[in-house]
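These notes are about the structure you will find just below.
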Amino acid sequence: MDDEEQGINNQALAPHQDVPDQPGHEFAQFGAGCFWRVELVFQRVPGVTKTEVGYSQGHAPDPTYNLVCTGTTNHVEVVRLQFDPSLCSYSALLDVFWSRHDPTTPNRQGEDVGAQYRSGIYYYSEDQAKVARESLDARQKQWKDKKIVTEILPAKRFYRAEAYHQQYLEKGGGKGVRQSAQKGCDDPIRCYG
């Protein structure tokens with residue numbers, strides 16, 4: 001049974017059904033390691049109007065952070081963002097995505113290890129899928145001797161992570177040191193629990 005057939009019986013594998021908050025805006029969804037860092041990266045991008053961290057692509061309905069960390073759900077820690085395509089193109093978002101993580105390390109980003117940290121682009125339209133594949137092909141030429149392992153798949157149901165994870169680094173994280181989410185900010189991002 002493929003994912004589409006399973007999606008009929010499993011709400012976690014069903015295609016997304018959410019719509020952006022504002023007319024004319026679009027969703028984008030990326031997995032690139034710890035979702036706290038990835039969210040702050042995209043919060044700073046002009047044209048991104050909303051970010052949320054959560055879980056997607058796995059088979060467990062209503063996953064929690066603790067469940068995802070067991071490695072048994074196949075969920076990815078993702079950031080789902082809404083953007084205004086008149087201010088920021090999907091291609092520009094992909095450029096940010098590629099520049100902020102190592103897409104050649106399977107199930108790993110730095111010290112974060114596990115399937116939930118895999119590199120992924122989860123698209124919301126066939127246009128996004130086409131642009132994502134072209135972008136991967138172009139990036140692969142830059143990596144030359146390493147293979148990009150980023151998966152490009154249709155967005156499945158998005159499960160919003162627990163409230164304390166949302167805008168975690170902007171709120172100060174576990175150390176109480178706030179980091180700027182101001183548009184265009186290029187301060188180094190420090191990821192801490």
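Lettering and numbering for the structure tokens are positional, with chains as A, B, ... in the shown order, residues counted from 1 in each chain, and ligands counted from 1 in the shown order.
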Where does stretch 25-125 of chain A meet stretch 161-178 of chain A within 9 Å, residue by residue, with the nearest atom pair and distance in Å to one decimal for each, counting only C-alpha atoms, listed by chain and rising number, as a Markdown table?
```
| residue | atom | partner | partner_atom | distance |
| --- | --- | --- | --- | --- |
| A:Phe35 | CA | A:His165 | CA | 8.5 |
| A:Trp36 | CA | A:Tyr168 | CA | 6.0 |
| A:Arg37 | CA | A:Leu169 | CA | 7.3 |
| A:Glu39 | CA | A:Gln167 | CA | 7.0 |
| A:Leu40 | CA | A:Leu169 | CA | 6.9 |
| A:Gln43 | CA | A:Gln167 | CA | 8.6 |
| A:Thr51 | CA | A:Gln167 | CA | 8.0 |
| A:Glu52 | CA | A:Gln166 | CA | 6.2 |
| A:Val53 | CA | A:Ala161 | CA | 5.8 |
| A:Gly54 | CA | A:Ala161 | CA | 4.2 |
| A:Tyr55 | CA | A:Ala161 | CA | 6.6 |
| A:Pro63 | CA | A:Ala161 | CA | 8.4 |
| A:Thr64 | CA | A:Ala161 | CA | 7.1 |
| A:Tyr65 | CA | A:Ala161 | CA | 7.0 |
| A:Glu77 | CA | A:Ala161 | CA | 8.8 |
```
Item to check | Long-range neighbours of A:Ser56 as a VMD selection string, 12 Å cut-off, only C-alpha atoms, 6 positions minimum in chain | outcome: chain A and resid 11 to 16 29 to 31 35 62 to 65 68 73 to 80 115 to 118 120 to 123 153 to 161
Item to check | Residues near A:Gln82, cut-off 7 Å, only C-alpha atoms, skip fewer than 3 positions along chain, as an MDAnalysis selection string | outcome: chainID A and resid 20 25:28 48:51
Next, dump the selected residues to file, keeping only N, CA, C and O atoms, as a PDB file, in the first residue's frame.
```pdb
ATOM      1  N   PRO A  20      -3.693  29.463   3.609  1.00  0.00           N
ATOM      2  CA  PRO A  20      -3.031  30.601   4.247  1.00  0.00           C
ATOM      3  C   PRO A  20      -4.028  31.587   4.849  1.00  0.00           C
ATOM      4  O   PRO A  20      -5.169  31.703   4.382  1.00  0.00           O
ATOM      5  N   HIS A  25      -1.505  34.762  -0.461  1.00  0.00           N
ATOM      6  CA  HIS A  25      -0.283  34.238   0.147  1.00  0.00           C
ATOM      7  C   HIS A  25      -0.203  32.735  -0.083  1.00  0.00           C
ATOM      8  O   HIS A  25      -1.193  32.092  -0.414  1.00  0.00           O
ATOM      9  N   GLU A  26       0.994  32.188   0.076  1.00  0.00           N
ATOM     10  CA  GLU A  26       1.217  30.759  -0.124  1.00  0.00           C
ATOM     11  C   GLU A  26       1.922  30.167   1.082  1.00  0.00           C
ATOM     12  O   GLU A  26       2.559  30.885   1.861  1.00  0.00           O
ATOM     13  N   PHE A  27       1.810  28.852   1.201  1.00  0.00           N
ATOM     14  CA  PHE A  27       2.568  28.099   2.191  1.00  0.00           C
ATOM     15  C   PHE A  27       3.866  27.596   1.559  1.00  0.00           C
ATOM     16  O   PHE A  27       3.929  27.329   0.362  1.00  0.00           O
ATOM     17  N   ALA A  28       4.873  27.400   2.382  1.00  0.00           N
ATOM     18  CA  ALA A  28       6.071  26.649   2.041  1.00  0.00           C
ATOM     19  C   ALA A  28       6.442  25.872   3.291  1.00  0.00           C
ATOM     20  O   ALA A  28       6.115  26.290   4.409  1.00  0.00           O
ATOM     21  N   VAL A  48       8.072  36.932   4.208  1.00  0.00           N
ATOM     22  CA  VAL A  48       7.514  35.845   5.023  1.00  0.00           C
ATOM     23  C   VAL A  48       6.633  36.497   6.079  1.00  0.00           C
ATOM     24  O   VAL A  48       7.096  37.352   6.845  1.00  0.00           O
ATOM     25  N   THR A  49       5.363  36.130   6.099  1.00  0.00           N
ATOM     26  CA  THR A  49       4.406  36.809   6.971  1.00  0.00           C
ATOM     27  C   THR A  49       4.054  36.013   8.222  1.00  0.00           C
ATOM     28  O   THR A  49       3.501  36.568   9.165  1.00  0.00           O
ATOM     29  N   LYS A  50       4.382  34.726   8.242  1.00  0.00           N
ATOM     30  CA  LYS A  50       4.065  33.905   9.412  1.00  0.00           C
ATOM     31  C   LYS A  50       4.915  32.645   9.379  1.00  0.00           C
ATOM     32  O   LYS A  50       5.140  32.081   8.305  1.00  0.00           O
ATOM     33  N   THR A  51       5.399  32.215  10.541  1.00  0.00           N
ATOM     34  CA  THR A  51       6.110  30.939  10.645  1.00  0.00           C
ATOM     35  C   THR A  51       5.505  30.130  11.775  1.00  0.00           C
ATOM     36  O   THR A  51       5.044  30.677  12.778  1.00  0.00           O
TER      37      THR A  51
END
```
Item to check | Distance criterion (only C-alpha atoms): nearest to A:Val149 out of A:Gly110, A:Pro188, A:Gly71, A:Pro103 | outcome: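 Among the listed residues, the smallest separation from A:Val149 belongs to A:Pro103.
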Next on the checklist: Quick check for you: according to DSSP on this backbone, which residues of stretch 118-186 of chain A are classed as alpha helix (DSSP H)? Reply as a list in words.
Outcome noted: Glu126, Asp127, Gln128, Ala129, Lys130, Val131, Ala132, Arg133, Glu134, Ser135, Leu136, Asp137, Ala138, Arg139, Gln140, Lys141, Gln142, Trp143, Tyr168, Leu169, Glu170 and Lys171 of chain A
Item to check | Who sits within 10 Å of stretch 86-89 of chain A, only C-alpha atoms, same chain under 5 positions skipped, as a list of chain:residue names | outcome: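 So the residues in contact are A:Gly24, A:His25, A:Val45, A:Pro46, A:Gly47, A:Val48, A:Leu94, A:Asp95.
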Item to check | Among listed residues A:Ala60, A:Ala132, A:Ile152, A:Ala32, nearest A:Gln109 (using only C-alpha atoms) | outcome: A:Ala32
Please provide as a short mmCIF file (atom, residue, chain, number, x, y, z; two decimals) with C-alpha atoms, in the first residue's frame all residues within 12 Å of A:Ser135, with the sequence filter that same-chain residues fewer than 6 positions apart are discarded (counting only C-alpha atoms).
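Output (part-v7.cif):
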```cif
data_model
loop_
_atom_site.label_atom_id
_atom_site.label_comp_id
_atom_site.auth_asym_id
_atom_site.auth_seq_id
_atom_site.Cartn_x
_atom_site.Cartn_y
_atom_site.Cartn_z
CA TYR A 90 9.48 30.59 -3.77
CA SER A 91 12.90 30.44 -5.48
CA ALA A 92 14.24 32.99 -3.01
CA LEU A 93 12.97 30.83 -0.12
CA LEU A 94 14.75 27.83 -1.63
CA ASP A 95 17.97 29.83 -1.82
CA VAL A 96 17.67 30.52 1.92
CA PHE A 97 16.90 26.85 2.59
CA TRP A 98 19.96 25.59 0.70
CA SER A 99 22.30 28.17 2.22
CA ILE A 121 11.22 20.34 0.80
CA GLN A 128 6.52 24.54 -6.19
CA ALA A 129 7.55 20.94 -6.94
CA LYS A 141 26.24 20.89 -9.47
CA GLN A 142 27.75 23.07 -6.72
CA ILE A 148 22.34 15.90 -1.94
CA THR A 150 17.11 16.27 0.37
CA ILE A 152 11.15 16.61 -2.28
#
```
Item to check | Every residue of stretch 33-162 of chain A that DSSP places in strand (DSSP E or B), as a PyMOL selection string | outcome: chain A and resi 48-56+76-83+108-109+112-113+119-123+151-154+156+159-160
Can you write out the residues you just picked, keeping C-alpha atoms, as a tab-separated table (two decimals), in the first residue's frame?
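Dumped everything to again_32.tsv:
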```
chain	number	residue	atom	x	y	z
A	48	VAL	CA	7.51	35.84	5.02
A	49	THR	CA	4.41	36.81	6.97
A	50	LYS	CA	4.06	33.90	9.41
A	51	THR	CA	6.11	30.94	10.65
A	52	GLU	CA	5.10	27.88	12.64
A	53	VAL	CA	7.15	24.89	13.68
A	54	GLY	CA	5.71	21.42	13.72
A	55	TYR	CA	5.79	17.88	12.47
A	56	SER	CA	4.91	16.45	9.06
A	76	VAL	CA	10.24	15.56	10.29
A	77	GLU	CA	10.74	18.68	12.39
A	78	VAL	CA	9.57	21.31	9.90
A	79	VAL	CA	8.91	24.99	9.63
A	80	ARG	CA	5.77	25.93	7.74
A	81	LEU	CA	5.72	29.47	6.58
A	82	GLN	CA	3.32	31.76	4.83
A	83	PHE	CA	4.75	34.19	2.35
A	108	ARG	CA	21.61	14.76	10.52
A	109	GLN	CA	22.38	18.44	10.91
A	112	ASP	CA	21.19	16.77	15.75
A	113	VAL	CA	20.89	13.15	14.64
A	119	SER	CA	16.52	17.59	4.82
A	120	GLY	CA	13.24	18.04	3.01
A	121	ILE	CA	11.22	20.34	0.80
A	122	TYR	CA	7.48	19.66	1.15
A	123	TYR	CA	5.58	21.36	-1.63
A	151	GLU	CA	13.70	14.72	-0.20
A	152	ILE	CA	11.15	16.61	-2.28
A	153	LEU	CA	7.63	15.42	-1.48
A	154	PRO	CA	4.07	16.72	-1.38
A	156	LYS	CA	1.26	16.02	4.17
A	159	TYR	CA	0.86	19.20	13.07
A	160	ARG	CA	1.72	22.39	14.95
```
Checklist entry - Which is closer to A:His59 than all the others in A:Val131, A:Asp84, A:Asn10, A:Glu126, using only C-alpha atoms? => result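 Once distances to A:His59 are computed over only C-alpha atoms, the minimum belongs to A:Asn10.
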